[in-house]
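This is input.txt (compact mmCIF, C-alpha atoms).
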# COMPACT_ATOMS: atom_id res chain seq x y z
CA MET A 1 15.13 12.98 5.49
CA LYS A 2 13.59 15.90 7.41
CA SER A 3 10.26 14.06 7.63
CA PHE A 4 12.07 11.14 9.27
CA VAL A 5 13.55 13.46 11.88
CA ILE A 6 10.18 15.09 12.61
CA SER A 7 8.53 11.70 12.98
CA LEU A 8 11.29 10.54 15.28
CA VAL A 9 10.99 13.66 17.45
CA LEU A 10 7.31 12.87 17.90
CA LEU A 11 8.21 9.28 18.73
CA VAL A 12 10.73 10.35 21.35
CA PHE A 13 8.07 12.36 23.16
CA THR A 14 5.39 9.67 23.02
CA ILE A 15 7.27 6.40 23.62
CA ALA A 16 6.92 4.83 27.04
CA PHE A 17 10.72 4.34 27.27
CA ALA A 18 10.53 1.03 29.13
CA SER A 19 10.25 -2.53 27.91
CA ASP A 20 7.54 -4.68 29.48
CA TYR A 21 8.66 -8.12 30.60
CA PRO A 22 7.94 -10.91 29.97
CA LEU A 23 8.80 -9.75 26.45
CA THR A 24 8.14 -11.64 23.23
CA MET A 25 9.68 -10.65 19.90
CA ILE A 26 10.08 -12.29 16.50
CA ASP A 27 13.58 -12.26 15.05
CA ASP A 28 14.71 -12.28 11.40
CA LEU A 29 14.52 -16.07 11.25
CA GLY A 30 10.92 -16.02 12.41
CA HIS A 31 11.85 -17.43 15.80
CA GLU A 32 9.91 -16.33 18.86
CA VAL A 33 12.28 -14.73 21.37
CA VAL A 34 10.96 -14.75 24.94
CA LEU A 35 12.67 -12.84 27.75
CA ASN A 36 11.19 -13.10 31.23
CA ALA A 37 13.24 -10.18 32.50
CA ALA A 38 15.64 -7.56 31.21
CA PRO A 39 18.88 -9.33 30.21
CA LEU A 40 21.89 -8.71 32.40
CA ARG A 41 24.40 -11.00 30.67
CA ILE A 42 24.55 -10.39 26.92
CA VAL A 43 26.75 -12.03 24.31
CA SER A 44 27.01 -10.27 20.95
CA MET A 45 28.27 -12.29 17.99
CA ILE A 46 27.94 -9.41 15.49
CA PRO A 47 30.31 -6.39 15.45
CA SER A 48 27.57 -3.90 14.53
CA THR A 49 25.39 -5.22 17.36
CA THR A 50 28.26 -4.96 19.83
CA GLU A 51 28.64 -1.31 18.82
CA THR A 52 24.89 -0.76 19.10
CA VAL A 53 24.66 -2.24 22.60
CA CYS A 54 27.46 0.07 23.71
CA ALA A 55 25.89 3.07 21.97
CA LEU A 56 22.76 2.37 24.02
CA ASN A 57 24.81 2.74 27.22
CA ALA A 58 24.69 -0.99 27.92
CA CYS A 59 28.31 -1.99 27.32
CA ASP A 60 28.47 -3.12 30.94
CA LEU A 61 25.89 -5.82 30.16
CA LEU A 62 28.16 -7.51 27.60
CA VAL A 63 29.95 -10.60 28.88
CA GLY A 64 31.33 -11.89 25.56
CA ARG A 65 31.87 -10.94 21.93
CA ASP A 66 32.71 -12.38 18.54
CA GLN A 67 36.29 -12.19 17.27
CA TYR A 68 35.61 -9.25 14.96
CA SER A 69 34.00 -6.97 17.55
CA ASN A 70 36.71 -4.41 18.27
CA TYR A 71 34.84 -1.15 18.85
CA PRO A 72 34.57 0.61 21.20
CA LEU A 73 37.99 -0.30 22.54
CA GLU A 74 36.67 -1.46 25.89
CA VAL A 75 35.00 -4.51 24.31
CA ASN A 76 38.43 -5.93 23.52
CA GLU A 77 38.66 -6.84 27.20
CA LEU A 78 35.70 -9.22 26.85
CA PRO A 79 36.12 -12.95 26.18
CA GLU A 80 36.46 -13.67 22.44
CA LEU A 81 34.06 -16.40 21.33
CA GLY A 82 34.94 -17.12 17.70
CA ASN A 83 32.47 -16.03 15.06
CA GLY A 84 29.00 -16.92 13.89
CA PHE A 85 30.24 -19.57 11.48
CA VAL A 86 32.88 -21.05 13.80
CA PRO A 87 31.71 -20.21 17.31
CA ASN A 88 33.20 -21.40 20.57
CA LEU A 89 29.89 -22.84 21.71
CA GLU A 90 31.28 -24.26 24.95
CA ALA A 91 32.67 -20.86 25.96
CA ILE A 92 29.38 -19.13 25.13
CA VAL A 93 27.42 -21.57 27.30
CA ALA A 94 29.94 -21.21 30.14
CA LEU A 95 29.25 -17.48 30.31
CA GLU A 96 25.61 -18.25 31.21
CA PRO A 97 24.17 -15.49 29.00
CA ASP A 98 20.51 -14.55 29.30
CA LEU A 99 20.58 -13.20 25.71
CA VAL A 100 22.80 -13.94 22.72
CA ILE A 101 22.49 -11.83 19.57
CA VAL A 102 23.64 -13.54 16.37
CA ASP A 103 23.72 -13.16 12.60
CA GLU A 104 20.70 -14.79 10.96
CA SER A 105 22.87 -16.18 8.13
CA THR A 106 24.63 -18.64 10.45
CA ASP A 107 23.39 -21.78 12.21
CA LEU A 108 24.40 -20.49 15.63
CA ALA A 109 20.84 -19.45 16.54
CA ASN A 110 19.56 -23.00 16.11
CA GLN A 111 22.43 -24.44 18.14
CA LEU A 112 21.73 -22.07 21.02
CA ILE A 113 17.99 -22.66 20.89
CA GLU A 114 18.61 -26.38 21.28
CA LEU A 115 20.58 -25.58 24.43
CA GLY A 116 17.75 -23.48 25.84
CA ILE A 117 19.64 -20.18 25.61
CA PRO A 118 17.59 -17.09 24.63
CA VAL A 119 18.81 -15.89 21.24
CA TYR A 120 17.86 -13.14 18.82
CA ALA A 121 18.99 -13.57 15.20
CA GLY A 122 19.04 -10.47 13.04
CA THR A 123 21.19 -7.89 11.27
CA ALA A 124 20.42 -4.75 9.28
CA GLN A 125 20.66 -5.31 5.53
CA SER A 126 19.84 -1.75 4.50
CA PHE A 127 20.30 1.79 5.73
CA GLU A 128 16.74 2.05 7.07
CA GLU A 129 17.00 -1.31 8.80
CA VAL A 130 19.85 0.09 10.90
CA PHE A 131 17.33 2.24 12.73
CA GLU A 132 14.91 -0.68 13.01
CA LYS A 133 17.63 -2.71 14.71
CA PHE A 134 18.32 0.12 17.15
CA SER A 135 14.66 -0.10 18.13
CA ASP A 136 14.64 -3.92 18.34
CA ILE A 137 17.81 -4.14 20.39
CA GLY A 138 16.67 -1.27 22.60
CA LYS A 139 13.46 -3.12 23.33
CA LEU A 140 15.26 -6.41 24.00
CA ILE A 141 17.71 -4.94 26.51
CA ASN A 142 15.42 -2.35 28.11
CA ARG A 143 17.08 0.62 26.43
CA GLU A 144 14.18 1.96 24.36
CA LYS A 145 14.76 5.58 25.41
CA GLU A 146 18.42 5.37 24.47
CA ALA A 147 17.51 3.79 21.11
CA ALA A 148 15.04 6.56 20.30
CA PHE A 149 17.52 9.30 21.16
CA LEU A 150 20.33 7.57 19.25
CA SER A 151 18.15 7.43 16.15
CA LEU A 152 17.15 11.07 16.58
CA LYS A 153 20.78 12.19 16.93
CA LEU A 154 21.95 10.23 13.90
CA ARG A 155 19.02 11.40 11.74
CA THR A 156 19.82 15.00 12.68
CA ASP A 157 23.52 14.55 11.91
CA LEU A 158 22.64 13.02 8.53
CA VAL A 159 20.48 16.00 7.63
CA ASN A 160 23.38 18.32 8.49
CA ILE A 161 25.80 16.39 6.27
CA HIS A 162 23.33 16.47 3.40
CA LYS A 163 23.13 20.24 3.75
CA LEU A 164 26.91 20.48 3.37
CA ILE A 165 26.97 18.53 0.09
CA ALA A 166 23.70 19.81 -1.34
CA GLY A 167 24.04 20.58 -5.06
CA ALA A 168 27.42 18.89 -5.38
CA GLU A 169 28.18 16.99 -8.56
CA ALA A 170 28.33 13.25 -7.91
CA PRO A 171 31.65 11.63 -8.89
CA THR A 172 31.58 8.09 -10.26
CA VAL A 173 32.99 5.59 -7.77
CA PHE A 174 34.35 2.05 -7.72
CA TYR A 175 34.48 0.38 -4.29
CA GLU A 176 36.80 -2.65 -4.30
CA LEU A 177 36.14 -5.34 -1.70
CA ASP A 178 38.97 -7.52 -2.97
CA SER A 179 41.17 -7.87 -6.03
CA THR A 180 39.00 -10.57 -7.64
CA PRO A 181 37.48 -7.92 -8.06
CA TYR A 182 34.33 -8.00 -5.97
CA SER A 183 32.44 -4.78 -5.40
CA VAL A 184 29.17 -3.46 -3.95
CA GLY A 185 25.91 -2.77 -5.72
CA PRO A 186 23.71 0.28 -5.08
CA GLU A 187 21.18 -1.77 -3.12
CA SER A 188 23.73 -3.08 -0.64
CA PHE A 189 24.25 -1.25 2.65
CA ILE A 190 27.65 0.06 1.53
CA GLY A 191 26.16 1.05 -1.82
CA GLU A 192 23.50 3.07 -0.04
CA ILE A 193 26.14 4.87 2.04
CA ILE A 194 28.07 5.72 -1.14
CA SER A 195 24.95 7.20 -2.70
CA LEU A 196 23.98 9.13 0.45
CA ALA A 197 27.50 10.58 0.56
CA GLY A 198 26.90 12.13 -2.85
CA ALA A 199 28.55 9.75 -5.33
CA SER A 200 27.45 7.60 -8.25
CA ASN A 201 28.35 3.91 -8.04
CA ILE A 202 29.61 2.44 -11.32
CA VAL A 203 27.90 -0.82 -10.33
CA THR A 204 24.26 -0.95 -11.41
CA ALA A 205 21.45 -2.64 -9.49
CA ASP A 206 21.07 -5.44 -12.05
CA LEU A 207 24.57 -6.68 -11.21
CA GLY A 208 23.54 -7.57 -7.65
CA ALA A 209 24.47 -6.50 -4.13
CA PHE A 210 28.04 -7.87 -4.11
CA PRO A 211 29.00 -8.68 -7.70
CA LYS A 212 32.23 -10.04 -9.09
CA LEU A 213 33.04 -7.59 -11.86
CA ASP A 214 34.76 -8.02 -15.17
CA PRO A 215 37.91 -5.84 -14.98
CA GLU A 216 37.11 -4.59 -18.49
CA PHE A 217 33.79 -3.28 -17.16
CA ILE A 218 35.64 -1.23 -14.54
CA VAL A 219 38.06 0.17 -17.11
CA ALA A 220 35.19 1.07 -19.45
CA SER A 221 33.28 2.71 -16.58
CA ASN A 222 36.32 4.92 -15.92
CA PRO A 223 35.53 5.78 -12.26
CA GLU A 224 36.62 9.17 -10.97
CA VAL A 225 37.22 7.81 -7.44
CA ILE A 226 38.37 4.36 -6.31
CA LEU A 227 38.06 3.15 -2.74
CA LEU A 228 40.26 0.20 -1.75
CA ALA A 229 38.68 -1.78 1.07
CA ASP A 230 41.40 -4.37 0.49
CA ALA A 231 44.32 -2.02 1.16
CA ALA A 232 45.03 -3.88 4.40
CA TYR A 233 45.70 -6.95 2.23
CA GLY A 234 48.28 -5.25 0.05
CA GLU A 235 46.31 -3.51 -2.69
CA THR A 236 47.54 0.01 -3.44
CA ALA A 237 47.18 2.73 -6.05
CA GLU A 238 50.37 1.38 -7.58
CA SER A 239 49.13 -2.20 -7.78
CA LEU A 240 45.93 -0.99 -9.45
CA ALA A 241 47.90 1.00 -12.02
CA ALA A 242 49.87 -2.15 -12.85
CA ARG A 243 46.71 -4.06 -13.80
CA ALA A 244 46.18 -4.45 -17.52
CA GLY A 245 44.46 -1.38 -18.94
CA TRP A 246 43.93 0.31 -15.57
CA SER A 247 46.64 2.98 -15.70
CA ASP A 248 44.44 5.35 -17.74
CA ILE A 249 41.44 5.20 -15.39
CA SER A 250 40.54 8.73 -14.29
CA ALA A 251 40.84 7.98 -10.57
CA ILE A 252 44.37 6.63 -11.03
CA VAL A 253 45.46 9.47 -13.30
CA ALA A 254 44.04 12.11 -10.92
CA ASN A 255 45.49 10.38 -7.82
CA LYS A 256 42.06 9.72 -6.39
CA VAL A 257 42.60 6.15 -5.27
CA PHE A 258 41.98 5.96 -1.52
CA GLU A 259 43.60 3.15 0.45
CA LEU A 260 41.20 2.67 3.35
CA SER A 261 42.53 1.63 6.74
CA GLN A 262 40.96 -1.37 8.46
CA ASP A 263 39.21 0.94 10.93
CA GLN A 264 37.78 2.97 8.05
CA VAL A 265 36.59 -0.23 6.35
CA ASP A 266 34.95 -1.39 9.58
CA THR A 267 33.22 1.98 9.93
CA ILE A 268 31.86 1.84 6.39
CA ASN A 269 30.95 -1.86 6.38
CA ARG A 270 29.09 -2.10 9.68
CA PRO A 271 25.38 -1.21 9.71
CA GLY A 272 25.41 0.27 13.20
CA PRO A 273 25.79 3.49 15.18
CA ARG A 274 28.84 4.68 13.21
CA ILE A 275 26.82 5.20 10.02
CA VAL A 276 27.20 8.97 10.35
CA ASP A 277 30.98 8.56 10.71
CA ALA A 278 30.93 6.46 7.53
CA LEU A 279 28.85 8.99 5.66
CA PHE A 280 31.03 11.89 6.77
CA LEU A 281 34.22 10.02 5.81
CA LEU A 282 32.95 9.27 2.31
CA ALA A 283 31.49 12.75 1.85
CA GLN A 284 34.93 14.18 2.68
CA ILE A 285 36.52 11.95 0.05
CA PHE A 286 33.92 12.68 -2.62
CA HIS A 287 33.53 16.41 -1.90
CA PRO A 288 36.74 17.69 -0.26
CA ASP A 289 35.96 21.28 -1.25
CA MET A 290 32.62 21.21 0.59
CA ILE A 291 33.63 19.32 3.75
CA ASP A 292 36.93 19.97 5.48

Structure encoded using structure tokens:
Amino acid sequence: MKSFVISLVLLVFTIAFASDYPLTMIDDLGHEVVLNAAPLRIVSMIPSTTETVCALNACDLLVGRDQYSNYPLEVNELPELGNGFVPNLEAIVALEPDLVIVDESTDLANQLIELGIPVYAGTAQSFEEVFEKFSDIGKLINREKEAAFLSLKLRTDLVNIHKLIAGAEAPTVFYELDSTPYSVGPESFIGEIISLAGASNIVTADLGAFPKLDPEFIVASNPEVILLADAAYGETAESLAARAGWSDISAIVANKVFELSQDQVDTINRPGPRIVDALFLLAQIFHPDMID
């Protein structure tokens, strides 16, 4: 991690800090994105991108957002435009954006391209890609300096958290997305955050990024900590204990089932500028004696 910080420091002092327009970039769908000038009317249809634009001191350029973008609080005043899978296309067009940023897994990019609206499709799928997206978005919206400094700050904060938990024993963890139960694998973004926060995921890589688990597998794995991302939907430590065979799981016996709030879930789930907040939150849960 230190080598990343050193490299980024060198980058900060060598980067030109200004995007050259006309600008051409390739997005995650392989589409060529051409901007003739720095965008002044941006629509973000991804919560993590909305947060990133604001973290780059460009919140004032946003003219619309998807329904799940709720941070920082000021974005709630922007027009809500549905989501990537069910967008309000008419409302997006009416805002006359000069850049729309969308999730590459939806068809929204193609719909906007057909209408002649500049669109960038792409999201971070891993921890390292978060920093790549800072750079890409910074270049798109003429905030390269801000992107470089944001990356430097977060890298430095991450190093400091790692120092606090250095040498700590890693507890085994089960992260529940829903009561099916779906969980997260170690190669998913959330799985990476869990590992970086000093814990051992009971889900192995061969099970996939977001596997549906056999409840008997969870019981046999006997996690020492359980995180409930579905607490907002009614799951509790008590409801887990009532599941067949679950009452003897170490996390339940030791009262280490954590019912995450929706804001905490958003912080952990979104690959954006709150990654340090997510890491600190989980490190506090996993190592309360080392981080207060």

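Candidate residues A:Val63, A:Ala209, A:Leu282, A:Val75 were compared for distance to Glu51 in chain A, and the nearest is A:Val75, using all atoms listed in the file.
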
Give me, as a PyMOL selection string, all polymer residues having an atom no more than 8 Å from Gly122 in chain A, counting only C-alpha atoms and skipping those fewer than 5 positions away in the same chain. chain A and resi 27-29+101-104

Name the closest residue to Asn83 in chain A among the candidates A:Val253, A:Ala109, A:Met45, A:Val100; distances are taken between atoms, counting all atoms listed in the file. A:Met45

Excluding same-chain residues fewer than 3 positions from range 195-202 of chain A, what lies within 6 Å of it counting all atoms listed in the file, as a short mmCIF file (atom, residue, chain, number, x, y, z; two decimals) with C-alpha atoms, in the frame of the given file?
data_model
loop_
_atom_site.label_atom_id
_atom_site.label_comp_id
_atom_site.auth_asym_id
_atom_site.auth_seq_id
_atom_site.Cartn_x
_atom_site.Cartn_y
_atom_site.Cartn_z
CA ALA A 170 28.33 13.25 -7.91
CA PRO A 171 31.65 11.63 -8.89
CA THR A 172 31.58 8.09 -10.26
CA VAL A 173 32.99 5.59 -7.77
CA PHE A 174 34.35 2.05 -7.72
CA GLU A 192 23.50 3.07 -0.04
CA LEU A 279 28.85 8.99 5.66
CA LEU A 282 32.95 9.27 2.31
CA ALA A 283 31.49 12.75 1.85
#

If you take all atoms listed in the file and a cut-off of 9 Å, which residues of range 149-214 of chain A touch range 124-135 of chain A, and what are their nearest atom pairs and distances in Å to one decimal, in chain and number order, as JSON lines?
{"residue": "A:Leu150", "atom": "CA", "partner": "A:Phe134", "partner_atom": "CA", "distance": 8.0}
{"residue": "A:Ser151", "atom": "CA", "partner": "A:Phe131", "partner_atom": "CA", "distance": 6.3}
{"residue": "A:Glu187", "atom": "CA", "partner": "A:Ser126", "partner_atom": "CA", "distance": 7.7}
{"residue": "A:Ser188", "atom": "CA", "partner": "A:Ser126", "partner_atom": "CA", "distance": 6.6}
{"residue": "A:Phe189", "atom": "CA", "partner": "A:Ser126", "partner_atom": "CA", "distance": 4.8}
{"residue": "A:Ile190", "atom": "CA", "partner": "A:Ser126", "partner_atom": "CA", "distance": 8.5}
{"residue": "A:Glu192", "atom": "CA", "partner": "A:Phe127", "partner_atom": "CA", "distance": 6.7}
{"residue": "A:Ile193", "atom": "CA", "partner": "A:Phe127", "partner_atom": "CA", "distance": 7.6}

Of the candidates A:Pro223, A:Arg274, A:Pro79, A:Leu260, which shows the shortest atom-to-atom distance to Arg155 in chain A, using all atoms listed in the file?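 Going through A:Pro223, A:Arg274, A:Pro79, A:Leu260 one by one, the smallest distance to Arg155 in chain A is for A:Arg274.
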
I want to know what sits within 9 Å of range 224-228 of chain A, based on all atoms listed in the file, with residues of the same chain fewer than 6 positions away left out; could you give that as a list in words?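 These residues fall inside the cut-off: Pro171, Thr172, Val173, Phe174, Tyr175, Glu176, Leu177, Asp178, Glu235, Thr236, Ala237, Ile249, Ser250, Ala251, Ile252, Ala254, Asn255, Lys256, Val257, Phe258, Glu259, Leu260, Ser261, Val265, Ile285 and Phe286 of chain A.
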
Which residues are close to Asn110 in chain A, i.e. within 10 Å by all atoms listed in the file, leaving aside same-chain residues fewer than 6 positions away? Reply as a list in words.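 The contact residues come out as Leu29, His31, Glu104, Gly116, Ile117, Val119 and Ala121 of chain A.
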
So which residues touch Phe280 in chain A within 12 Å, counting all atoms listed in the file, skipping near sequence neighbours fewer than 3 positions away, as number ranges by chain? A: 154, 157-165, 193-194, 196-198, 264, 267-268, 274-277, 283-288, 290-292

CA of Gly82 in chain A to CA of Leu62 in chain A, straight-line distance in Å: 15.4 Å

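Of the listed residues A:Val34, A:Ala244, A:Met25, A:Val53, the one whose atoms come nearest to Glu216 in chain A is A:Ala244, with distances taken using all atoms listed in the file.
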
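Using all atoms listed in the file for every distance, the candidate list A:Lys145, A:Leu152, A:Leu78, A:Thr106 yields A:Leu152 as the residue closest to Pro273 in chain A.
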